[in-house]
$ cat upload_38.cif   # mmCIF, C-alpha atoms
data_model
loop_
_atom_site.label_atom_id
_atom_site.label_comp_id
_atom_site.auth_asym_id
_atom_site.auth_seq_id
_atom_site.Cartn_x
_atom_site.Cartn_y
_atom_site.Cartn_z
CA MET O 18 0.00 0.00 0.00
CA SER O 19 1.60 3.24 -1.10
CA LEU O 20 1.31 6.63 -2.72
CA GLU O 21 3.19 6.46 -6.01
CA VAL O 22 4.15 8.95 -8.71
CA LYS O 23 5.43 7.60 -12.02
CA THR O 24 7.35 9.71 -14.55
CA LEU O 25 5.34 12.86 -13.91
CA ASP O 26 6.04 15.90 -16.10
CA TYR O 27 4.17 19.16 -15.76
CA GLU O 28 4.26 22.44 -17.70
CA ILE O 29 2.76 25.84 -16.90
CA ARG O 30 2.29 28.13 -19.92
CA GLY O 31 4.88 26.17 -21.85
CA LYS O 32 7.47 26.21 -19.07
CA GLU O 33 8.53 22.83 -17.74
CA ILE O 34 8.05 22.81 -13.94
CA LEU O 35 8.30 19.10 -13.12
CA LYS O 36 10.65 16.78 -14.98
CA ASP O 37 10.24 13.00 -14.90
CA ILE O 38 9.26 12.81 -11.22
CA SER O 39 9.01 9.29 -9.81
CA LEU O 40 8.62 8.48 -6.11
CA GLU O 41 6.92 6.08 -3.75
CA ILE O 42 5.77 6.70 -0.19
CA HIS O 43 4.92 3.68 1.92
CA THR O 44 2.33 3.18 4.63
CA LYS O 45 2.93 5.17 7.83
CA GLU O 46 6.09 6.86 6.58
CA PHE O 47 6.66 10.51 7.47
CA VAL O 48 8.33 11.90 4.34
CA GLY O 49 9.60 15.45 3.96
CA LEU O 50 9.96 17.32 0.68
CA VAL O 51 12.71 19.95 0.75
CA GLY O 52 14.41 22.23 -1.76
CA PRO O 53 14.87 25.89 -2.71
CA ASN O 54 11.93 28.19 -3.39
CA GLY O 55 10.63 27.73 -6.92
CA CYS O 56 11.99 24.21 -7.36
CA GLY O 57 8.51 22.70 -7.88
CA LYS O 58 7.54 21.39 -4.44
CA SER O 59 4.06 22.95 -4.38
CA THR O 60 3.43 22.02 -8.02
CA LEU O 61 4.25 18.39 -7.26
CA LEU O 62 1.93 18.31 -4.24
CA LYS O 63 -0.88 19.99 -6.21
CA ASN O 64 -0.62 17.27 -8.86
CA ILE O 65 -0.93 14.64 -6.15
CA TYR O 66 -4.04 16.16 -4.59
CA ARG O 67 -5.56 17.17 -7.96
CA THR O 68 -5.62 20.95 -7.66
CA LEU O 69 -3.50 20.66 -10.80
CA ARG O 70 -4.49 17.86 -13.13
CA PRO O 71 -1.76 15.30 -13.69
CA LYS O 72 -1.63 13.03 -16.72
CA TYR O 73 -3.40 9.69 -16.59
CA ASN O 74 -1.40 6.84 -15.10
CA THR O 75 1.05 9.05 -13.25
CA VAL O 76 -0.25 9.36 -9.65
CA PHE O 77 -1.58 6.31 -7.79
CA ILE O 78 -2.97 5.55 -4.36
CA ASP O 79 -2.64 1.85 -3.57
CA GLY O 80 -2.37 1.17 -7.31
CA ASN O 81 -5.45 3.21 -8.24
CA ASP O 82 -5.09 6.15 -10.63
CA ILE O 83 -6.25 9.20 -8.65
CA LEU O 84 -8.04 10.58 -11.72
CA LYS O 85 -10.45 7.63 -11.54
CA LEU O 86 -11.39 8.23 -7.88
CA SER O 87 -14.57 10.11 -6.98
CA SER O 88 -14.23 13.24 -4.85
CA ARG O 89 -15.66 11.39 -1.86
CA LYS O 90 -13.33 8.42 -2.30
CA MET O 91 -10.36 10.75 -2.77
CA ALA O 92 -11.24 12.56 0.47
CA ARG O 93 -11.45 9.26 2.37
CA GLU O 94 -7.98 8.35 1.13
CA LEU O 95 -6.16 11.69 1.24
CA ALA O 96 -6.43 14.83 3.38
CA VAL O 97 -4.77 18.06 2.28
CA MET O 98 -3.47 21.19 3.97
CA ALA O 99 -2.43 23.57 1.20
CA GLN O 100 -0.50 26.85 1.39
CA GLU O 101 -3.29 28.90 -0.17
CA ASN O 102 -6.55 28.88 1.78
CA ASN O 103 -8.19 32.17 0.84
CA MET O 104 -11.79 32.35 2.00
CA GLU O 105 -14.26 34.86 0.53
CA PHE O 106 -17.03 33.93 2.94
CA ASP O 107 -16.75 33.75 6.69
CA PHE O 108 -17.54 30.64 8.71
CA LYS O 109 -17.40 29.71 12.35
CA VAL O 110 -14.32 27.74 13.31
CA GLN O 111 -16.46 24.70 14.08
CA ASP O 112 -17.93 24.78 10.57
CA MET O 113 -14.48 25.08 9.00
CA VAL O 114 -13.31 21.99 10.86
CA MET O 115 -16.53 20.08 10.13
CA PHE O 116 -15.93 20.40 6.38
CA GLY O 117 -13.39 17.64 6.96
CA ARG O 118 -16.21 15.19 7.76
CA TYR O 119 -17.69 15.50 4.24
CA SER O 120 -16.57 12.08 3.06
CA HIS O 121 -18.01 10.37 6.14
CA LYS O 122 -21.56 11.64 5.62
CA LYS O 123 -24.45 10.58 3.48
CA PHE O 124 -26.12 13.14 1.20
CA LEU O 125 -27.64 16.01 3.27
CA GLN O 126 -26.71 14.30 6.55
CA GLY O 127 -26.12 16.76 9.38
CA ASP O 128 -23.38 16.76 12.00
CA THR O 129 -23.57 13.95 14.52
CA SER O 130 -22.67 14.06 18.20
CA ARG O 131 -19.54 12.08 17.30
CA ASP O 132 -18.59 14.74 14.72
CA ARG O 133 -18.92 17.46 17.35
CA GLU O 134 -16.87 15.44 19.85
CA LEU O 135 -14.11 14.98 17.28
CA CYS O 136 -14.19 18.68 16.43
CA ALA O 137 -13.70 19.65 20.07
CA GLU O 138 -10.99 17.00 20.49
CA TYR O 139 -8.92 18.13 17.51
CA LEU O 140 -9.32 21.83 18.26
CA ALA O 141 -8.00 21.13 21.74
CA GLU O 142 -5.12 19.15 20.25
CA VAL O 143 -4.04 22.13 18.10
CA GLY O 144 -4.38 24.55 21.01
CA LEU O 145 -7.71 26.13 20.04
CA GLU O 146 -10.04 24.73 22.66
CA GLY O 147 -13.15 26.91 22.99
CA TYR O 148 -12.75 28.49 19.54
CA GLU O 149 -15.73 26.67 18.01
CA ASP O 150 -17.93 29.80 17.70
CA ARG O 151 -15.16 32.21 16.69
CA SER O 152 -15.16 33.76 13.22
CA TYR O 153 -12.53 32.07 11.05
CA LEU O 154 -11.66 35.27 9.18
CA SER O 155 -11.05 37.09 12.47
CA LEU O 156 -8.22 34.74 13.42
CA SER O 157 -4.50 35.37 13.03
CA GLY O 158 -2.56 33.59 10.32
CA GLY O 159 -1.18 31.08 12.79
CA GLU O 160 -4.61 30.38 14.30
CA LYS O 161 -6.07 29.82 10.83
CA GLN O 162 -3.25 27.38 10.11
CA ARG O 163 -4.10 25.38 13.21
CA VAL O 164 -7.81 25.34 12.34
CA LEU O 165 -6.91 23.89 8.95
CA LEU O 166 -4.78 21.21 10.60
CA ALA O 167 -7.73 20.27 12.81
CA ARG O 168 -9.81 19.96 9.62
CA VAL O 169 -7.19 17.62 8.15
CA LEU O 170 -7.13 15.45 11.29
CA ILE O 171 -10.91 15.15 11.58
CA GLN O 172 -11.01 13.86 8.01
CA GLU O 173 -9.38 10.63 9.26
CA SER O 174 -7.78 9.87 5.90
CA ARG O 175 -5.02 7.32 5.40
CA TYR O 176 -2.72 9.81 3.68
CA ILE O 177 -2.03 13.40 4.72
CA ILE O 178 -0.44 15.86 2.27
CA LEU O 179 0.78 19.20 3.61
CA ASP O 180 2.44 22.18 1.93
CA GLU O 181 4.72 23.83 4.52
CA PRO O 182 2.28 23.38 7.43
CA THR O 183 4.38 25.42 9.88
CA ASN O 184 4.12 28.65 7.85
CA HIS O 185 2.92 31.63 9.94
CA LEU O 186 3.41 29.74 13.21
CA ASP O 187 5.38 30.78 16.28
CA ILE O 188 8.22 28.40 17.06
CA SER O 189 6.32 26.63 19.87
CA TYR O 190 3.42 25.86 17.53
CA GLN O 191 5.80 24.71 14.78
CA TYR O 192 7.02 21.94 17.04
CA GLN O 193 3.52 21.24 18.35
CA ILE O 194 2.19 20.77 14.80
CA MET O 195 5.04 18.44 13.87
CA ASP O 196 4.55 16.48 17.12
CA ILE O 197 0.85 16.04 16.27
CA LEU O 198 1.62 14.91 12.72
CA LYS O 199 4.32 12.51 13.90
CA LYS O 200 1.97 10.56 16.16
CA GLN O 201 -0.76 10.09 13.54
CA GLU O 202 -1.46 6.62 12.19
CA ALA O 203 -1.66 8.11 8.69
CA THR O 204 1.08 8.31 6.07
CA VAL O 205 2.40 11.89 5.96
CA PHE O 206 4.01 13.65 2.97
CA SER O 207 4.87 17.29 3.62
CA SER O 208 7.01 20.01 2.14
CA VAL O 209 9.16 21.47 4.91
CA HIS O 210 10.92 24.83 4.83
CA ASP O 211 12.95 24.39 8.03
CA LEU O 212 15.60 21.73 7.44
CA ASN O 213 16.17 21.19 11.16
CA LEU O 214 12.47 20.38 11.57
CA ALA O 215 12.76 17.97 8.63
CA ALA O 216 15.80 16.31 10.20
CA LEU O 217 14.05 15.95 13.56
CA TYR O 218 10.70 14.56 12.41
CA CYS O 219 11.00 12.93 8.98
CA ASP O 220 11.76 9.25 8.43
CA ARG O 221 12.81 10.01 4.88
CA ILE O 222 13.52 13.13 2.82
CA LEU O 223 13.12 13.88 -0.87
CA PHE O 224 15.33 16.71 -2.12
CA MET O 225 13.99 18.70 -5.10
CA TYR O 226 15.94 21.03 -7.35
CA GLN O 227 14.85 22.63 -10.62
CA GLY O 228 11.82 20.37 -11.00
CA LYS O 229 13.59 17.09 -10.29
CA ILE O 230 14.08 14.75 -7.34
CA VAL O 231 17.85 14.91 -6.91
CA ASP O 232 18.22 12.90 -3.69
CA ASP O 233 16.11 10.50 -1.65
CA GLY O 234 17.00 8.89 1.66
CA THR O 235 17.21 9.30 5.41
CA PRO O 236 17.95 12.77 6.83
CA GLU O 237 21.55 11.64 7.38
CA GLU O 238 21.87 10.64 3.73
CA VAL O 239 20.19 13.70 2.20
CA LEU O 240 20.89 16.67 4.49
CA THR O 241 24.62 16.81 3.89
CA SER O 242 26.86 19.86 3.78
CA GLU O 243 27.56 19.01 0.14
CA ASN O 244 23.86 19.08 -0.80
CA LEU O 245 23.24 22.30 1.12
CA TRP O 246 26.06 24.01 -0.73
CA LYS O 247 25.15 22.54 -4.12
CA TYR O 248 21.43 23.34 -3.98
CA PHE O 249 21.16 26.26 -1.50
CA GLN O 250 24.63 27.80 -1.90
CA ILE O 251 25.07 27.96 1.84
CA ARG O 252 27.84 26.56 3.99
CA ALA O 253 26.76 24.46 6.93
CA GLN O 254 28.19 22.50 9.81
CA ILE O 255 26.21 19.33 10.51
CA SER O 256 26.40 17.41 13.77
CA ARG O 257 24.20 15.20 15.90
CA ASN O 258 22.14 16.75 18.67
CA PRO O 259 23.03 14.89 21.90
CA ALA O 260 19.55 15.42 23.34
CA THR O 261 17.54 14.09 20.37
CA GLY O 262 20.07 11.94 18.56
CA LYS O 263 18.97 13.67 15.34
CA LEU O 264 20.92 15.81 12.90
CA GLN O 265 21.44 19.46 13.76
CA ILE O 266 22.32 21.93 11.01
CA TYR O 267 24.28 25.08 11.79
CA TYR O 268 24.41 27.61 8.98
CA LEU O 269 27.73 29.41 8.55
CA PRO O 270 27.86 33.07 7.46
CA ASP O 271 30.45 34.22 4.92
CA TRP O 272 32.55 35.98 7.57
CA ILE O 273 33.41 32.74 9.38
#
$ encode --input "upload_38.cif" --output "structure tokens"
Amino acid sequence: MSLEVKTLDYEIRGKEILKDISLEIHTKEFVGLVGPNGCGKSTLLKNIYRTLRPKYNTVFIDGNDILKLSSRKMARELAVMAQENNMEFDFKVQDMVMFGRYSHKKFLQGDTSRDRELCAEYLAEVGLEGYEDRSYLSLSGGEKQRVLLARVLIQESRYIILDEPTNHLDISYQYQIMDILKKQEATVFSSVHDLNLAALYCDRILFMYQGKIVDDGTPEEVLTSENLWKYFQIRAQISRNPATGKLQIYYLPDWI
């Protein structure tokens, strides 16, 4: 059982954005997607969750072409937290989270007591207990981000796709969000901006550069000083954090 991409190419207005992307993510892996801005990370994720339309026979969930899945079936399999979540209409926080229960309901079925219990549970887990009746549009960027994570969790999908989920968050909430994701039973595939967060939480890392996957492996195999210089043009000292046992990256300024 896996999420698989096979030889995916993608162009936008004649410009090649993704070039022969192939990857496979296995059940219950936590996989990070890293690389410089503009390398194609968001475009790849959008092809996987169908905001952009991939070619037939390129993206598969458990061997099934995602283009053949109904919206309801897709939602049962895969939950998404995208970077862009612009809302023109205002909703209560509870309603925003409840949208994640869509695939679990019959046509015109209302919210159940179990739905409301789950909503309260996941809002508490993301640090927003008691926010149910707050206006979503009145929230800060970080609060909105946590509401959207609660919506992803309440969906109870087997795969979770996230595009830089710690954007707009204070450092304490960045680690809280990653802690929450790490303990889920779902398979997680997320782009990650902070390489130290990726090193701490990810089982495996895919490194993208100029529309291609250029490295794939454990954090120790991928987050090397050579890769950071080659693809980010930054010098780094890499050691192992004695408290966590994970990699720790120290960026070196030019004057050192």
$ residues_near_point --input "upload_38.cif" --point "(-1.9, 13.3, 3.1)" --cutoff "6 Å" --atoms "all atoms listed in the file" --output "ChimeraX atom specification"
/O:95-97,176-178,205-206
$ write_last_selection --input "upload_38.cif" --atoms "C-alpha atoms" --output "PDB file, keeping the file's coordinate frame"
ATOM      1  CA  LEU O  95      -6.160  11.690   1.240  1.00  0.00           C
ATOM      2  CA  ALA O  96      -6.430  14.830   3.380  1.00  0.00           C
ATOM      3  CA  VAL O  97      -4.770  18.060   2.280  1.00  0.00           C
ATOM      4  CA  TYR O 176      -2.720   9.810   3.680  1.00  0.00           C
ATOM      5  CA  ILE O 177      -2.030  13.400   4.720  1.00  0.00           C
ATOM      6  CA  ILE O 178      -0.440  15.860   2.270  1.00  0.00           C
ATOM      7  CA  VAL O 205       2.400  11.890   5.960  1.00  0.00           C
ATOM      8  CA  PHE O 206       4.010  13.650   2.970  1.00  0.00           C
TER       9      PHE O 206
END
$ residues_near_point --input "upload_38.cif" --point "(8.8, 19.2, -11.5)" --cutoff "8 Å" --atoms "all atoms listed in the file" --output "PyMOL selection string"
chain O and resi 25-27+33-38+56-58+60-61+227-229
$ resolve_selection --input "upload_38.cif" --expression "the PyMOL selection byres ((chain O and resi 45) around 9)" --output "list of chain:residue names"
O:Ile42, O:His43, O:Thr44, O:Glu46, O:Phe47, O:Arg175, O:Tyr176, O:Gln201, O:Glu202, O:Ala203, O:Thr204, O:Val205
$ atom_distance --input "upload_38.cif" --atom1 "atom CA of Leu269 of chain O" --atom2 "atom CA of Gln254 of chain O"
7.0 Å
$ resolve_selection --input "upload_38.cif" --expression "the PyMOL selection byres ((chain O and resi 239-245) around 12)" --output "PyMOL selection string"
chain O and resi 49-53+211-217+219-226+230-238+246-257+263-269
$ resolve_selection --input "upload_38.cif" --expression "the PyMOL selection byres ((chain O and resi 164) around 9)" --output "list in words"
Val110, Gln111, Met113, Val114, Tyr139, Leu140, Val143, Leu145, Tyr153, Gly159, Glu160, Lys161, Gln162, Arg163, Leu165, Leu166, Ala167, Arg168 and Val169 of chain O
$ residues_around --input "upload_38.cif" --residues "Arg70 of chain O" --least-positions-apart "3" --cutoff "10 Å" --atoms "all atoms listed in the file" --output "list in words"
Tyr27, Lys63, Asn64, Ile65, Tyr66, Arg67, Tyr73, Ile83 and Leu84 of chain O
$ atom_distance --input "upload_38.cif" --atom1 "atom CA of Val76 of chain O" --atom2 "atom CA of Met91 of chain O"
12.3 Å
$ atom_distance --input "upload_38.cif" --atom1 "atom CA of Ile197 of chain O" --atom2 "atom CA of Ile171 of chain O"
12.7 Å
$ closest_residue --input "upload_38.cif" --among "O:Gln172, O:Ser39, O:Ser157, O:Asn184" --to "Arg118 of chain O" --atoms "all atoms listed in the file"
O:Gln172
$ residues_around --input "upload_38.cif" --residues "Arg89 of chain O" --least-positions-apart "6" --cutoff "9 Å" --atoms "all atoms listed in the file" --output "PyMOL selection string"
chain O and resi 119-121
$ closest_residue --input "upload_38.cif" --among "O:Lys90, O:Ile78, O:Thr129, O:Gln193" --to "Gly144 of chain O" --atoms "only C-alpha atoms"
O:Gln193
$ closest_residue --input "upload_38.cif" --among "O:Gly31, O:Pro259, O:Gly80, O:Gly127" --to "Met115 of chain O" --atoms "only C-alpha atoms"
O:Gly127
$ closest_residue --input "upload_38.cif" --among "O:Glu41, O:Asp187, O:Glu28, O:Asp150" --to "Asp79 of chain O" --atoms "only C-alpha atoms"
O:Glu41
$ axis_aligned_box --input "upload_38.cif" --around "segment 246-257 of chain O" --padding-each-side "3 Å" --output "AutoDock Vina command-line options"
--center_x 24.7 --center_y 21.6 --center_z 5.9 --size_x 13.0 --size_y 18.8 --size_z 26.0
